[in-house]
file work_7.cif (mmCIF, C-alpha atoms and all ligand atoms)
data_entry
#
loop_
_atom_site.label_atom_id
_atom_site.label_comp_id
_atom_site.auth_asym_id
_atom_site.auth_seq_id
_atom_site.Cartn_x
_atom_site.Cartn_y
_atom_site.Cartn_z
CA MET A 1 0.00 0.00 0.00
CA LYS A 2 1.47 3.37 -1.03
CA HIS A 3 1.70 6.23 1.46
CA ALA A 4 0.91 9.81 0.39
CA LEU A 5 1.44 13.03 2.32
CA ILE A 6 -0.75 15.98 1.30
CA THR A 7 0.04 19.47 2.54
CA GLY A 8 -3.00 21.77 2.22
CA ILE A 9 -5.35 18.79 2.64
CA THR A 10 -8.12 20.95 4.15
CA GLY A 11 -8.25 23.17 1.02
CA GLN A 12 -10.13 22.73 -2.23
CA ASP A 13 -7.54 20.65 -4.14
CA GLY A 14 -6.35 18.77 -1.06
CA SER A 15 -9.85 17.40 -0.49
CA TYR A 16 -10.36 16.15 -4.06
CA LEU A 17 -6.85 14.68 -4.12
CA ALA A 18 -7.43 12.90 -0.80
CA GLU A 19 -10.62 11.35 -2.22
CA LEU A 20 -8.79 10.23 -5.37
CA LEU A 21 -5.89 8.66 -3.45
CA LEU A 22 -8.19 6.92 -0.94
CA ASP A 23 -10.11 5.46 -3.90
CA LYS A 24 -6.82 4.16 -5.28
CA GLY A 25 -6.05 2.43 -1.97
CA TYR A 26 -3.39 4.83 -0.65
CA GLU A 27 -2.74 5.40 3.04
CA VAL A 28 -3.33 9.18 3.18
CA TYR A 29 -1.54 11.51 5.60
CA GLY A 30 -2.58 15.16 5.76
CA LEU A 31 -0.86 18.19 7.21
CA MET A 32 -3.04 20.26 9.54
CA ARG A 33 -2.37 23.66 11.07
CA ARG A 34 -3.23 24.05 14.72
CA LYS A 35 -6.31 26.29 15.11
CA SER A 36 -8.15 27.49 18.20
CA VAL A 37 -11.24 25.62 16.99
CA VAL A 38 -10.60 22.27 15.29
CA ASP A 39 -11.68 22.55 11.67
CA TYR A 40 -11.17 19.85 9.04
CA GLY A 41 -12.26 22.19 6.25
CA ASN A 42 -13.08 20.40 3.00
CA VAL A 43 -12.13 16.93 4.31
CA ASP A 44 -14.58 16.85 7.22
CA HIS A 45 -16.61 14.13 5.41
CA ILE A 46 -13.57 11.79 5.14
CA LYS A 47 -11.65 12.81 8.26
CA ASP A 48 -11.84 9.30 9.76
CA LYS A 49 -9.91 7.87 6.80
CA ILE A 50 -7.01 10.33 7.01
CA HIS A 51 -3.98 10.38 9.33
CA PHE A 52 -3.61 14.03 10.35
CA ILE A 53 -0.25 15.46 11.36
CA TYR A 54 -0.01 18.89 12.97
CA ALA A 55 2.62 20.92 11.11
CA ASP A 56 3.21 24.21 9.35
CA MET A 57 5.04 25.00 6.11
CA THR A 58 7.06 27.65 7.94
CA ASP A 59 8.31 25.18 10.59
CA GLN A 60 10.84 22.85 9.04
CA THR A 61 11.11 20.59 12.07
CA SER A 62 7.41 19.86 11.83
CA LEU A 63 7.82 18.87 8.16
CA ILE A 64 10.68 16.48 9.01
CA HIS A 65 8.38 15.01 11.64
CA ALA A 66 5.58 14.68 9.06
CA MET A 67 7.88 12.85 6.63
CA THR A 68 9.15 10.56 9.40
CA ILE A 69 5.66 9.63 10.56
CA SER A 70 4.12 9.23 7.11
CA GLN A 71 7.10 7.60 5.33
CA ALA A 72 5.39 9.01 2.26
CA ASP A 73 6.15 7.56 -1.16
CA GLU A 74 4.44 10.59 -2.73
CA VAL A 75 4.33 14.13 -1.33
CA TYR A 76 1.83 16.63 -2.76
CA ASN A 77 2.72 20.17 -1.67
CA LEU A 78 -0.59 22.04 -1.99
CA ALA A 79 -0.30 24.23 1.12
CA ALA A 80 -0.19 27.94 0.36
CA GLN A 81 -1.49 31.39 1.13
CA SER A 82 -3.39 31.03 -2.12
CA PHE A 83 -5.45 34.24 -2.38
CA VAL A 84 -3.66 36.65 -4.72
CA ALA A 85 -5.30 39.80 -3.27
CA THR A 86 -4.13 38.95 0.26
CA SER A 87 -0.54 38.62 -0.95
CA TRP A 88 -0.30 42.44 -1.12
CA GLU A 89 -1.56 42.68 2.48
CA GLN A 90 0.69 39.86 3.77
CA PRO A 91 3.66 39.72 1.39
CA LEU A 92 6.11 38.30 3.93
CA ALA A 93 3.80 35.58 5.24
CA THR A 94 3.02 34.68 1.62
CA ALA A 95 6.74 34.38 0.85
CA GLU A 96 7.44 32.33 4.00
CA ILE A 97 4.71 29.82 3.16
CA ASP A 98 4.64 29.77 -0.66
CA ALA A 99 8.37 30.21 -1.35
CA ILE A 100 10.56 29.21 1.64
CA GLY A 101 7.96 26.62 2.68
CA VAL A 102 8.74 24.68 -0.51
CA THR A 103 12.45 24.49 0.39
CA ASN A 104 11.47 23.42 3.90
CA MET A 105 9.49 20.51 2.43
CA LEU A 106 12.16 19.56 -0.13
CA GLU A 107 14.82 19.50 2.60
CA ALA A 108 12.59 17.33 4.79
CA ILE A 109 12.28 14.87 1.88
CA ARG A 110 16.04 14.93 1.29
CA VAL A 111 16.74 14.16 4.94
CA VAL A 112 14.05 11.53 5.56
CA LYS A 113 13.18 9.84 2.25
CA PRO A 114 14.97 11.15 -0.86
CA GLU A 115 13.37 8.52 -3.10
CA ALA A 116 9.87 10.00 -2.48
CA HIS A 117 8.12 11.57 -5.46
CA PHE A 118 7.28 15.27 -4.98
CA TYR A 119 4.56 17.44 -6.55
CA GLN A 120 4.75 21.25 -6.30
CA ALA A 121 1.60 23.33 -6.86
CA SER A 122 2.90 25.92 -9.32
CA THR A 123 0.54 28.34 -10.98
CA SER A 124 -0.35 30.25 -14.13
CA GLU A 125 0.03 33.41 -11.99
CA MET A 126 3.79 33.01 -12.69
CA PHE A 127 3.09 34.03 -16.32
CA GLY A 128 1.55 37.32 -15.16
CA LEU A 129 2.12 40.11 -17.63
CA VAL A 130 1.32 38.64 -20.99
CA GLN A 131 4.41 37.38 -22.89
CA ALA A 132 2.63 34.92 -25.19
CA ILE A 133 -0.85 33.51 -25.83
CA PRO A 134 -1.55 30.67 -25.18
CA GLN A 135 0.91 30.04 -22.35
CA CYS A 136 2.85 26.77 -22.25
CA GLU A 137 5.83 25.25 -20.39
CA THR A 138 8.35 27.37 -22.36
CA THR A 139 6.57 30.73 -22.02
CA PRO A 140 8.70 33.26 -20.05
CA PHE A 141 7.48 34.16 -16.56
CA TYR A 142 6.60 37.71 -15.39
CA PRO A 143 4.66 37.47 -12.10
CA ARG A 144 2.43 40.41 -11.12
CA SER A 145 1.79 39.86 -7.40
CA PRO A 146 3.74 38.92 -4.27
CA TYR A 147 1.91 35.58 -4.56
CA GLY A 148 3.13 35.06 -8.13
CA VAL A 149 6.70 35.99 -7.17
CA ALA A 150 6.70 33.62 -4.19
CA LYS A 151 5.29 30.80 -6.32
CA LEU A 152 7.98 31.39 -8.93
CA TYR A 153 10.62 30.77 -6.25
CA GLY A 154 8.79 27.53 -5.32
CA HIS A 155 8.76 26.52 -8.97
CA TRP A 156 12.49 27.11 -9.52
CA ILE A 157 13.61 25.53 -6.24
CA THR A 158 11.67 22.40 -7.21
CA LYS A 159 13.46 22.31 -10.56
CA ASN A 160 16.77 23.04 -8.84
CA TYR A 161 16.41 20.17 -6.34
CA ARG A 162 15.54 17.86 -9.22
CA GLU A 163 18.72 18.87 -11.04
CA SER A 164 20.97 19.20 -7.97
CA TYR A 165 19.96 16.13 -5.99
CA ASN A 166 18.22 13.99 -8.58
CA LEU A 167 14.95 14.16 -6.61
CA PHE A 168 11.78 13.02 -8.40
CA ALA A 169 10.30 16.53 -8.19
CA CYS A 170 7.60 17.84 -10.55
CA SER A 171 5.78 21.14 -10.87
CA GLY A 172 2.26 21.35 -12.21
CA ILE A 173 1.66 24.79 -13.68
CA LEU A 174 -2.06 24.79 -13.06
CA PHE A 175 -4.43 27.40 -14.44
CA ASN A 176 -7.46 28.50 -12.41
CA HIS A 177 -9.60 25.61 -11.24
CA GLU A 178 -12.74 25.97 -9.23
CA SER A 179 -15.44 23.79 -7.68
CA GLU A 180 -18.26 23.57 -5.20
CA ARG A 181 -15.49 23.64 -2.53
CA ARG A 182 -13.79 26.83 -3.73
CA GLY A 183 -13.20 29.50 -1.07
CA LYS A 184 -15.87 32.21 -1.13
CA GLU A 185 -13.33 35.03 -1.63
CA PHE A 186 -12.34 33.79 -5.11
CA VAL A 187 -14.32 35.45 -7.88
CA THR A 188 -16.15 32.38 -9.20
CA ARG A 189 -17.51 31.25 -5.84
CA LYS A 190 -18.22 34.86 -4.82
CA ILE A 191 -20.40 35.08 -7.92
CA THR A 192 -22.18 31.71 -7.60
CA ASN A 193 -22.85 32.30 -3.91
CA ALA A 194 -24.27 35.75 -4.72
CA VAL A 195 -26.42 34.35 -7.54
CA ALA A 196 -27.97 31.87 -5.10
CA ARG A 197 -28.57 34.55 -2.46
CA ILE A 198 -30.01 37.07 -4.93
CA LYS A 199 -32.28 34.41 -6.46
CA GLN A 200 -33.57 33.46 -3.00
CA GLY A 201 -34.06 37.09 -1.95
CA VAL A 202 -31.46 37.40 0.83
CA GLN A 203 -29.04 39.66 -1.08
CA ASP A 204 -29.67 42.49 -3.56
CA CYS A 205 -26.45 42.85 -5.46
CA VAL A 206 -22.86 41.60 -5.80
CA GLU A 207 -19.93 44.03 -5.93
CA LEU A 208 -16.98 42.99 -8.09
CA GLY A 209 -13.69 44.45 -9.36
CA ASN A 210 -12.17 44.03 -12.81
CA LEU A 211 -14.80 42.44 -15.07
CA ASP A 212 -12.47 42.43 -18.11
CA SER A 213 -9.77 40.11 -16.83
CA LYS A 214 -9.75 36.74 -18.57
CA ARG A 215 -9.17 33.37 -16.97
CA ASP A 216 -8.87 29.76 -18.13
CA TRP A 217 -11.24 28.01 -15.70
CA GLY A 218 -11.42 24.24 -15.14
CA HIS A 219 -12.75 21.95 -12.36
CA SER A 220 -10.49 20.98 -9.45
CA LYS A 221 -11.47 17.30 -9.71
CA ASP A 222 -9.93 17.05 -13.19
CA TYR A 223 -6.80 18.91 -12.08
CA VAL A 224 -5.93 16.73 -9.07
CA HIS A 225 -5.98 13.75 -11.42
CA ALA A 226 -3.20 15.46 -13.40
CA MET A 227 -1.15 15.88 -10.19
CA TRP A 228 -1.33 12.14 -9.54
CA LEU A 229 -0.46 11.28 -13.15
CA MET A 230 2.71 13.43 -12.95
CA LEU A 231 4.04 11.37 -10.03
CA GLN A 232 3.38 8.04 -11.82
CA GLN A 233 5.74 8.77 -14.74
CA ASP A 234 9.23 7.27 -15.22
CA THR A 235 10.88 10.70 -15.18
CA PRO A 236 9.98 13.92 -13.36
CA ASP A 237 8.97 16.96 -15.40
CA ASP A 238 6.83 20.12 -15.34
CA TYR A 239 3.43 20.36 -17.04
CA VAL A 240 0.83 23.03 -17.85
CA ILE A 241 -2.70 21.96 -16.89
CA ALA A 242 -5.44 24.10 -18.45
CA THR A 243 -8.55 23.93 -20.65
CA ASN A 244 -7.28 26.04 -23.58
CA GLU A 245 -10.37 28.25 -23.26
CA THR A 246 -10.50 31.73 -21.75
CA ARG A 247 -13.40 33.89 -20.60
CA THR A 248 -13.85 37.27 -18.95
CA VAL A 249 -15.18 37.63 -15.42
CA ARG A 250 -18.22 39.28 -17.08
CA GLU A 251 -18.86 36.10 -19.07
CA PHE A 252 -18.66 34.06 -15.87
CA VAL A 253 -21.25 36.39 -14.32
CA ASP A 254 -23.57 36.01 -17.35
CA THR A 255 -23.28 32.21 -17.27
CA ALA A 256 -23.82 31.92 -13.51
CA PHE A 257 -26.90 34.17 -13.45
CA ALA A 258 -28.27 32.32 -16.50
CA CYS A 259 -28.02 29.06 -14.51
CA ALA A 260 -30.54 30.62 -12.09
CA GLY A 261 -32.76 31.84 -14.94
CA ILE A 262 -31.61 35.47 -14.68
CA GLU A 263 -30.55 37.32 -17.85
CA ILE A 264 -28.11 40.20 -17.26
CA GLU A 265 -28.14 43.46 -19.21
CA TRP A 266 -24.87 45.45 -18.98
CA SER A 267 -24.61 49.24 -19.06
CA GLY A 268 -22.03 51.91 -18.20
CA GLU A 269 -18.27 51.51 -18.36
CA GLY A 270 -15.35 50.91 -15.97
CA VAL A 271 -16.24 51.67 -12.36
CA ASN A 272 -19.71 52.80 -13.50
CA GLU A 273 -20.59 49.50 -15.14
CA THR A 274 -23.63 47.70 -13.77
CA GLY A 275 -25.48 44.49 -14.54
CA THR A 276 -29.26 44.57 -14.39
CA ASP A 277 -31.72 41.69 -14.12
CA LYS A 278 -33.58 42.10 -17.44
CA ALA A 279 -36.84 40.77 -16.01
CA THR A 280 -37.03 42.96 -12.88
CA GLY A 281 -34.88 45.97 -13.86
CA LYS A 282 -32.97 45.62 -10.55
CA VAL A 283 -29.21 46.22 -10.43
CA VAL A 284 -27.64 42.91 -9.38
CA VAL A 285 -23.96 43.57 -10.25
CA LYS A 286 -21.95 46.69 -9.40
CA VAL A 287 -18.29 47.49 -9.92
CA ASN A 288 -16.42 48.50 -6.77
CA PRO A 289 -12.85 49.86 -7.11
CA GLU A 290 -12.04 48.23 -3.75
CA PHE A 291 -11.78 44.89 -5.53
CA PHE A 292 -9.28 46.01 -8.17
CA ARG A 293 -5.67 44.86 -7.66
CA PRO A 294 -2.51 47.01 -7.60
CA ALA A 295 -1.30 45.01 -10.64
CA GLU A 296 -3.52 42.74 -12.70
CA VAL A 297 -2.98 39.61 -14.78
CA ASP A 298 -5.10 40.51 -17.81
CA ILE A 299 -5.35 37.20 -19.61
CA LEU A 300 -4.58 33.56 -18.90
CA LEU A 301 -5.02 30.90 -21.55
CA GLY A 302 -3.12 27.64 -21.17
CA ASP A 303 -1.98 25.10 -23.72
CA PRO A 304 -2.13 21.66 -22.04
CA SER A 305 -0.93 19.67 -25.07
CA LYS A 306 2.24 18.35 -23.37
CA ALA A 307 0.16 16.93 -20.49
CA GLU A 308 -2.41 15.50 -22.89
CA LYS A 309 0.28 13.78 -24.96
CA THR A 310 2.67 12.61 -22.22
CA LEU A 311 0.34 11.99 -19.28
CA GLY A 312 -2.78 11.09 -21.26
CA TRP A 313 -4.57 13.75 -19.19
CA LYS A 314 -7.91 15.10 -20.44
CA ARG A 315 -10.27 17.68 -19.00
CA GLU A 316 -13.64 15.96 -18.33
CA ILE A 317 -15.81 18.78 -16.90
CA PRO A 318 -16.58 21.57 -19.40
CA PHE A 319 -17.05 25.23 -18.41
CA GLN A 320 -20.86 25.24 -18.51
CA GLU A 321 -21.04 22.20 -16.25
CA LEU A 322 -18.51 23.70 -13.83
CA VAL A 323 -20.62 26.83 -13.43
CA SER A 324 -23.94 25.01 -13.19
CA ARG A 325 -22.58 22.60 -10.55
CA MET A 326 -21.34 25.56 -8.48
CA VAL A 327 -24.63 27.45 -8.77
CA LYS A 328 -26.70 24.34 -7.95
CA ASN A 329 -24.55 23.63 -4.91
CA ASP A 330 -24.82 27.22 -3.64
CA MET A 331 -28.60 27.25 -4.26
CA GLU A 332 -28.88 24.20 -1.97
CA LEU A 333 -26.56 25.65 0.69
CA VAL A 334 -28.40 29.00 0.78
CA ALA A 335 -31.80 27.26 0.92
CA LYS A 336 -30.55 25.25 3.93
CA GLU A 337 -29.24 28.41 5.63
CA ILE A 338 -32.62 30.11 5.12
CA ALA A 339 -34.55 27.10 6.44
CA PHE A 340 -32.21 26.89 9.44
CA SER A 341 -32.56 30.61 10.26
CA ARG A 342 -36.38 30.27 10.25
CA LEU A 343 -36.39 27.48 12.84
P1 LIG B 401 -6.84 26.58 -0.78
O1 LIG B 401 -6.65 28.00 -0.39
O2 LIG B 401 -8.22 26.03 -0.88
O3 LIG B 401 -6.03 25.64 0.26
C1 LIG B 401 -4.80 26.05 0.80
C2 LIG B 401 -4.35 25.04 1.85
O4 LIG B 401 -3.08 25.45 2.37
C3 LIG B 401 -5.29 24.94 3.07
O5 LIG B 401 -5.40 23.59 3.44
C4 LIG B 401 -4.53 25.71 4.15
O6 LIG B 401 -4.82 25.25 5.45
C5 LIG B 401 -3.11 25.34 3.78
N1 LIG B 401 -2.11 26.24 4.37
C6 LIG B 401 -2.03 27.59 4.25
N2 LIG B 401 -0.97 28.06 4.92
C7 LIG B 401 -0.36 27.00 5.48
C8 LIG B 401 0.78 26.83 6.32
N3 LIG B 401 1.51 27.88 6.72
N4 LIG B 401 1.13 25.58 6.71
C9 LIG B 401 0.38 24.53 6.34
N5 LIG B 401 -0.72 24.60 5.57
C10 LIG B 401 -1.08 25.84 5.14
O7 LIG B 401 -6.05 26.38 -2.16
P2 LIG B 401 -6.39 25.41 -3.42
O8 LIG B 401 -6.78 24.09 -2.92
O9 LIG B 401 -7.24 26.14 -4.37
O10 LIG B 401 -4.95 25.34 -4.11
C11 LIG B 401 -4.01 24.33 -3.75
C12 LIG B 401 -2.62 24.78 -4.18
O11 LIG B 401 -2.58 24.98 -5.59
C13 LIG B 401 -2.15 26.10 -3.56
O12 LIG B 401 -0.75 25.99 -3.38
C14 LIG B 401 -2.44 27.14 -4.64
O13 LIG B 401 -1.57 28.24 -4.53
C15 LIG B 401 -2.14 26.30 -5.89
N6 LIG B 401 -2.86 26.68 -7.08
C16 LIG B 401 -4.23 26.78 -7.07
C17 LIG B 401 -4.92 27.06 -8.23
C18 LIG B 401 -6.42 27.18 -8.24
O14 LIG B 401 -6.95 27.74 -9.21
N7 LIG B 401 -7.13 26.67 -7.25
C19 LIG B 401 -4.21 27.24 -9.51
C20 LIG B 401 -2.78 27.06 -9.42
C21 LIG B 401 -2.14 26.78 -8.25
P3 LIG B 401 -5.93 25.92 6.42
O15 LIG B 401 -7.19 25.14 6.18
O16 LIG B 401 -5.36 25.72 7.76
O17 LIG B 401 -6.06 27.37 6.03
P1 LIG B 402 -6.83 34.50 -9.25
O1 LIG B 402 -8.30 34.18 -8.74
O2 LIG B 402 -6.33 35.79 -8.74
O3 LIG B 402 -6.81 34.28 -10.73
O4 LIG B 402 -5.99 33.36 -8.50
P2 LIG B 402 -9.50 35.13 -8.27
O5 LIG B 402 -10.73 34.33 -8.43
O6 LIG B 402 -9.24 35.75 -6.95
O7 LIG B 402 -9.49 36.32 -9.38
C1 LIG B 402 -9.72 36.06 -10.76
C2 LIG B 402 -9.90 37.38 -11.49
O8 LIG B 402 -11.14 37.97 -11.12
C3 LIG B 402 -10.93 39.37 -10.90
N1 LIG B 402 -11.97 39.89 -10.00
C4 LIG B 402 -12.15 39.54 -8.73
N2 LIG B 402 -11.50 38.65 -7.95
C5 LIG B 402 -11.95 38.47 -6.69
N3 LIG B 402 -11.36 37.56 -5.93
N4 LIG B 402 -13.01 39.19 -6.18
C6 LIG B 402 -13.68 40.12 -6.92
O9 LIG B 402 -14.62 40.75 -6.44
C7 LIG B 402 -13.24 40.29 -8.26
N5 LIG B 402 -13.67 41.06 -9.29
C8 LIG B 402 -12.90 40.81 -10.33
C9 LIG B 402 -9.53 39.44 -10.33
O10 LIG B 402 -9.02 40.77 -10.42
C10 LIG B 402 -8.82 38.43 -11.21
O11 LIG B 402 -8.43 39.03 -12.41
C11 LIG B 402 -6.45 32.02 -8.44
C12 LIG B 402 -5.95 31.42 -7.10
O12 LIG B 402 -6.54 30.15 -6.93
C13 LIG B 402 -4.45 31.26 -7.10
O13 LIG B 402 -4.04 30.55 -5.93
C14 LIG B 402 -4.04 30.48 -8.35
O14 LIG B 402 -2.64 30.33 -8.39
C15 LIG B 402 -4.54 31.18 -9.59
O15 LIG B 402 -5.96 31.27 -9.52
C16 LIG B 402 -4.20 30.42 -10.87
#
call {"tool": "encode", "arguments": {"input": "work_7.cif", "output": "structure tokens"}}
result
Amino acid sequence: MKHALITGITGQDGSYLAELLLDKGYEVYGLMRRKSVVDYGNVDHIKDKIHFIYADMTDQTSLIHAMTISQADEVYNLAAQSFVATSWEQPLATAEIDAIGVTNMLEAIRVVKPEAHFYQASTSEMFGLVQAIPQCETTPFYPRSPYGVAKLYGHWITKNYRESYNLFACSGILFNHESERRGKEFVTRKITNAVARIKQGVQDCVELGNLDSKRDWGHSKDYVHAMWLMLQQDTPDDYVIATNETRTVREFVDTAFACAGIEIEWSGEGVNETGTDKATGKVVVKVNPEFFRPAEVDILLGDPSKAEKTLGWKREIPFQELVSRMVKNDMELVAKEIAFSRL
């Protein structure tokens, strides 16, 4: 039976990956941060099947301990301060976790079990300011946020440890992937949650930032499969995982509201732009400058052909299904909240 250690197991990707590995018969170990109130996050439903180890990416001793206990054959490093906007508010914490934290984990592997296979959660945010469209493994990097810069360090140190110490270390350069378990601060979930609340009459309007930025959105479940595939190869390498489709935030809004039977009419420009429910004439989307970023990544569009050819990876969940699953899920959650508050 293989052993896997997942950092960031309580997050979106960690939970889908844990499900996948449990299904494949792995013994799954998950890193947990100590909190004042115990919270298993997205793995609450499978917590009894996971061996939790208290550790932190910024505490190297705890990572050595985690490797010693788990004796992991495969290590998936998903832990991160993953919200780009927060990386301007907490640039040093972001660097400690997302950059130095990767070296902490790689060193722990080198000391305890150098033959373990390692996956690093790299990101399309490393491409940043557009250098080429679509972006692939050879596109130059130009990160645009403290998060992107920290992740670029994590990406290069992974490559460096592969070349310096012959570790089986891979980076997946993953483009945006969302799901019913996405954090509510990310734009997709913020929108689907608002759609559900507006439809059920407990919210009037959603305030958003840059509606023109374009993202390549897939479903997390498809993307964690790619992580696993990378660690099953004969040789370690880096791969772009994406859908090869890009849409504006505005298009995501249109699609999400349409899933709830609401057609949006747009008017105004820039910070004066609003989206109106065509049927009722009520403003349901407003632009708020507060949600604009100091530097933006205007367009992400990934070319996953290397992963498709070498790993045999294929995206299974198309954009429309991703959005409708998220809206349906939030409709059910909001309905439950309303029923509960009426008790
Ligand atoms: P989430 O924000 O949902 O999960 C992040 C996880 O990291 C949580 O489990 C969190 O634990 C944990 N964590 C944060 N700080 C620390 C720390 N100091 N020590 C230990 N654990 C910590 O992210 P996703 O699941 O969406 O993403 C997974 C990884 O993939 C991240 O590294 C992200 O940067 C990267 N990525 C994500 C993409 C996406 O579109 N989702 C695209 C490309 C890369 P806690 O519950 O305690 O907060
Ligand atoms: P991103 O995701 O920064 O791409 O990082 P996010 O959903 O936060 O933003 C996507 C785009 O939407 C614009 N936007 C808004 N964003 C948020 N959060 N809230 C708003 O109100 C809003 N209005 C417009 C943003 O400006 C941006 O252009 C995600 C994270 O998962 C990272 O960890 C990961 O590495 C990258 O995806 C790939």
call {"tool": "closest_atom_pairs", "arguments": {"input": "work_7.cif", "of": "chain A", "to": "ligand LIG 402 (chain B)", "cutoff": "7 Å", "atoms": "all atoms listed in the file", "output": "tab-separated table"}}
result
residue	atom	partner	partner_atom	distance
A:Ser82	CA	B:LIG402	O13	3.9
A:Phe83	CA	B:LIG402	O13	5.3
A:Val84	CA	B:LIG402	O2	4.9
A:Ala85	CA	B:LIG402	O6	6.7
A:Thr123	CA	B:LIG402	O14	4.6
A:Ser124	CA	B:LIG402	C16	5.0
A:Glu125	CA	B:LIG402	C16	5.3
A:Leu174	CA	B:LIG402	C16	6.4
A:Phe175	CA	B:LIG402	C16	4.7
A:Asn176	CA	B:LIG402	C16	4.1
A:His177	CA	B:LIG402	O15	6.9
A:Glu185	CA	B:LIG402	N3	5.4
A:Phe186	CA	B:LIG402	O5	3.7
A:Val187	CA	B:LIG402	O5	3.8
A:Thr188	CA	B:LIG402	O5	5.8
A:Lys190	CA	B:LIG402	N4	6.9
A:Glu207	CA	B:LIG402	O9	6.3
A:Leu208	CA	B:LIG402	O9	3.6
A:Gly209	CA	B:LIG402	N5	3.4
A:Asn210	CA	B:LIG402	C8	4.1
A:Leu211	CA	B:LIG402	C8	5.4
A:Ser213	CA	B:LIG402	O11	4.7
A:Lys214	CA	B:LIG402	O11	6.7
A:Arg215	CA	B:LIG402	O3	6.7
A:Val249	CA	B:LIG402	O8	5.9
A:Phe291	CA	B:LIG402	O9	5.1
A:Phe292	CA	B:LIG402	O10	5.7
A:Arg293	CA	B:LIG402	O10	6.0
A:Glu296	CA	B:LIG402	O11	6.2
A:Val297	CA	B:LIG402	O11	6.0
A:Asp298	CA	B:LIG402	O11	6.5
call {"tool": "residues_near_ligand", "arguments": {"input": "work_7.cif", "ligand": "ligand LIG 401 (chain B)", "cutoff": "8 Å", "atoms": "all atoms listed in the file", "output": "PyMOL selection string"}}
result
chain A and resi 7-15+31-35+39-41+55-58+77-83+96-98+101+120-125+151+173-178+181-183+217+220
call {"tool": "residues_around", "arguments": {"input": "work_7.cif", "residues": "Ile50 of chain A", "least_positions_apart": "3", "cutoff": "7 Å", "atoms": "only C-alpha atoms", "output": "VMD selection string"}}
result
chain A and resid 28 to 30 46 to 47
call {"tool": "write_last_selection", "arguments": {"input": "work_7.cif", "atoms": "C-alpha atoms", "output": "PDB file, in the frame of the given file"}}
result
ATOM      1  CA  VAL A  28      -3.330   9.180   3.180  1.00  0.00           C
ATOM      2  CA  TYR A  29      -1.540  11.510   5.600  1.00  0.00           C
ATOM      3  CA  GLY A  30      -2.580  15.160   5.760  1.00  0.00           C
ATOM      4  CA  ILE A  46     -13.570  11.790   5.140  1.00  0.00           C
ATOM      5  CA  LYS A  47     -11.650  12.810   8.260  1.00  0.00           C
TER       6      LYS A  47
END
call {"tool": "residues_around", "arguments": {"input": "work_7.cif", "residues": "segment 224-229 of chain A", "least_positions_apart": "2", "cutoff": "10 Å", "atoms": "all atoms listed in the file", "output": "ChimeraX atom specification"}}
result
/A:13-21,74,76,118-121,170-174,177,219-222,231-233,239-241,307-308,310-315
call {"tool": "write_last_selection", "arguments": {"input": "work_7.cif", "atoms": "C-alpha atoms", "output": "tab-separated table (two decimals), in the coordinates of the input"}}
result
chain	number	residue	atom	x	y	z
A	13	ASP	CA	-7.54	20.65	-4.14
A	14	GLY	CA	-6.35	18.77	-1.06
A	15	SER	CA	-9.85	17.40	-0.49
A	16	TYR	CA	-10.36	16.15	-4.06
A	17	LEU	CA	-6.85	14.68	-4.12
A	18	ALA	CA	-7.43	12.90	-0.80
A	19	GLU	CA	-10.62	11.35	-2.22
A	20	LEU	CA	-8.79	10.23	-5.37
A	21	LEU	CA	-5.89	8.66	-3.45
A	74	GLU	CA	4.44	10.59	-2.73
A	76	TYR	CA	1.83	16.63	-2.76
A	118	PHE	CA	7.28	15.27	-4.98
A	119	TYR	CA	4.56	17.44	-6.55
A	120	GLN	CA	4.75	21.25	-6.30
A	121	ALA	CA	1.60	23.33	-6.86
A	170	CYS	CA	7.60	17.84	-10.55
A	171	SER	CA	5.78	21.14	-10.87
A	172	GLY	CA	2.26	21.35	-12.21
A	173	ILE	CA	1.66	24.79	-13.68
A	174	LEU	CA	-2.06	24.79	-13.06
A	177	HIS	CA	-9.60	25.61	-11.24
A	219	HIS	CA	-12.75	21.95	-12.36
A	220	SER	CA	-10.49	20.98	-9.45
A	221	LYS	CA	-11.47	17.30	-9.71
A	222	ASP	CA	-9.93	17.05	-13.19
A	231	LEU	CA	4.04	11.37	-10.03
A	232	GLN	CA	3.38	8.04	-11.82
A	233	GLN	CA	5.74	8.77	-14.74
A	239	TYR	CA	3.43	20.36	-17.04
A	240	VAL	CA	0.83	23.03	-17.85
A	241	ILE	CA	-2.70	21.96	-16.89
A	307	ALA	CA	0.16	16.93	-20.49
A	308	GLU	CA	-2.41	15.50	-22.89
A	310	THR	CA	2.67	12.61	-22.22
A	311	LEU	CA	0.34	11.99	-19.28
A	312	GLY	CA	-2.78	11.09	-21.26
A	313	TRP	CA	-4.57	13.75	-19.19
A	314	LYS	CA	-7.91	15.10	-20.44
A	315	ARG	CA	-10.27	17.68	-19.00
call {"tool": "closest_residue", "arguments": {"input": "work_7.cif", "among": "A:Glu180, A:Asp277, A:Glu27, A:Glu115", "to": "Glu332 of chain A", "atoms": "all atoms listed in the file"}}
result
A:Glu180
call {"tool": "axis_aligned_box", "arguments": {"input": "work_7.cif", "around": "segment 78-97 of chain A", "padding_each_side": "4 Å", "output": "AutoDock Vina command-line options"}}
result
--center_x 1.0 --center_y 32.4 --center_z 0.3 --size_x 20.9 --size_y 28.6 --size_z 18.0
call {"tool": "atom_distance", "arguments": {"input": "work_7.cif", "atom1": "atom CA of Asp238 of chain A", "atom2": "atom CA of Lys306 of chain A"}}
result
9.4 Å
call {"tool": "residues_around", "arguments": {"input": "work_7.cif", "residues": "Val202 of chain A", "least_positions_apart": "4", "cutoff": "10 Å", "atoms": "only C-alpha atoms", "output": "mmCIF file with C-alpha atoms, in the coordinates of the input"}}
result
data_model
loop_
_atom_site.group_PDB
_atom_site.id
_atom_site.type_symbol
_atom_site.label_atom_id
_atom_site.label_comp_id
_atom_site.auth_asym_id
_atom_site.auth_seq_id
_atom_site.Cartn_x
_atom_site.Cartn_y
_atom_site.Cartn_z
ATOM 1 C CA ALA A 194 -24.270 35.750 -4.720
ATOM 2 C CA ALA A 196 -27.970 31.870 -5.100
ATOM 3 C CA ARG A 197 -28.570 34.550 -2.460
ATOM 4 C CA ILE A 198 -30.010 37.070 -4.930
ATOM 5 C CA VAL A 334 -28.400 29.000 0.780
ATOM 6 C CA ILE A 338 -32.620 30.110 5.120
#
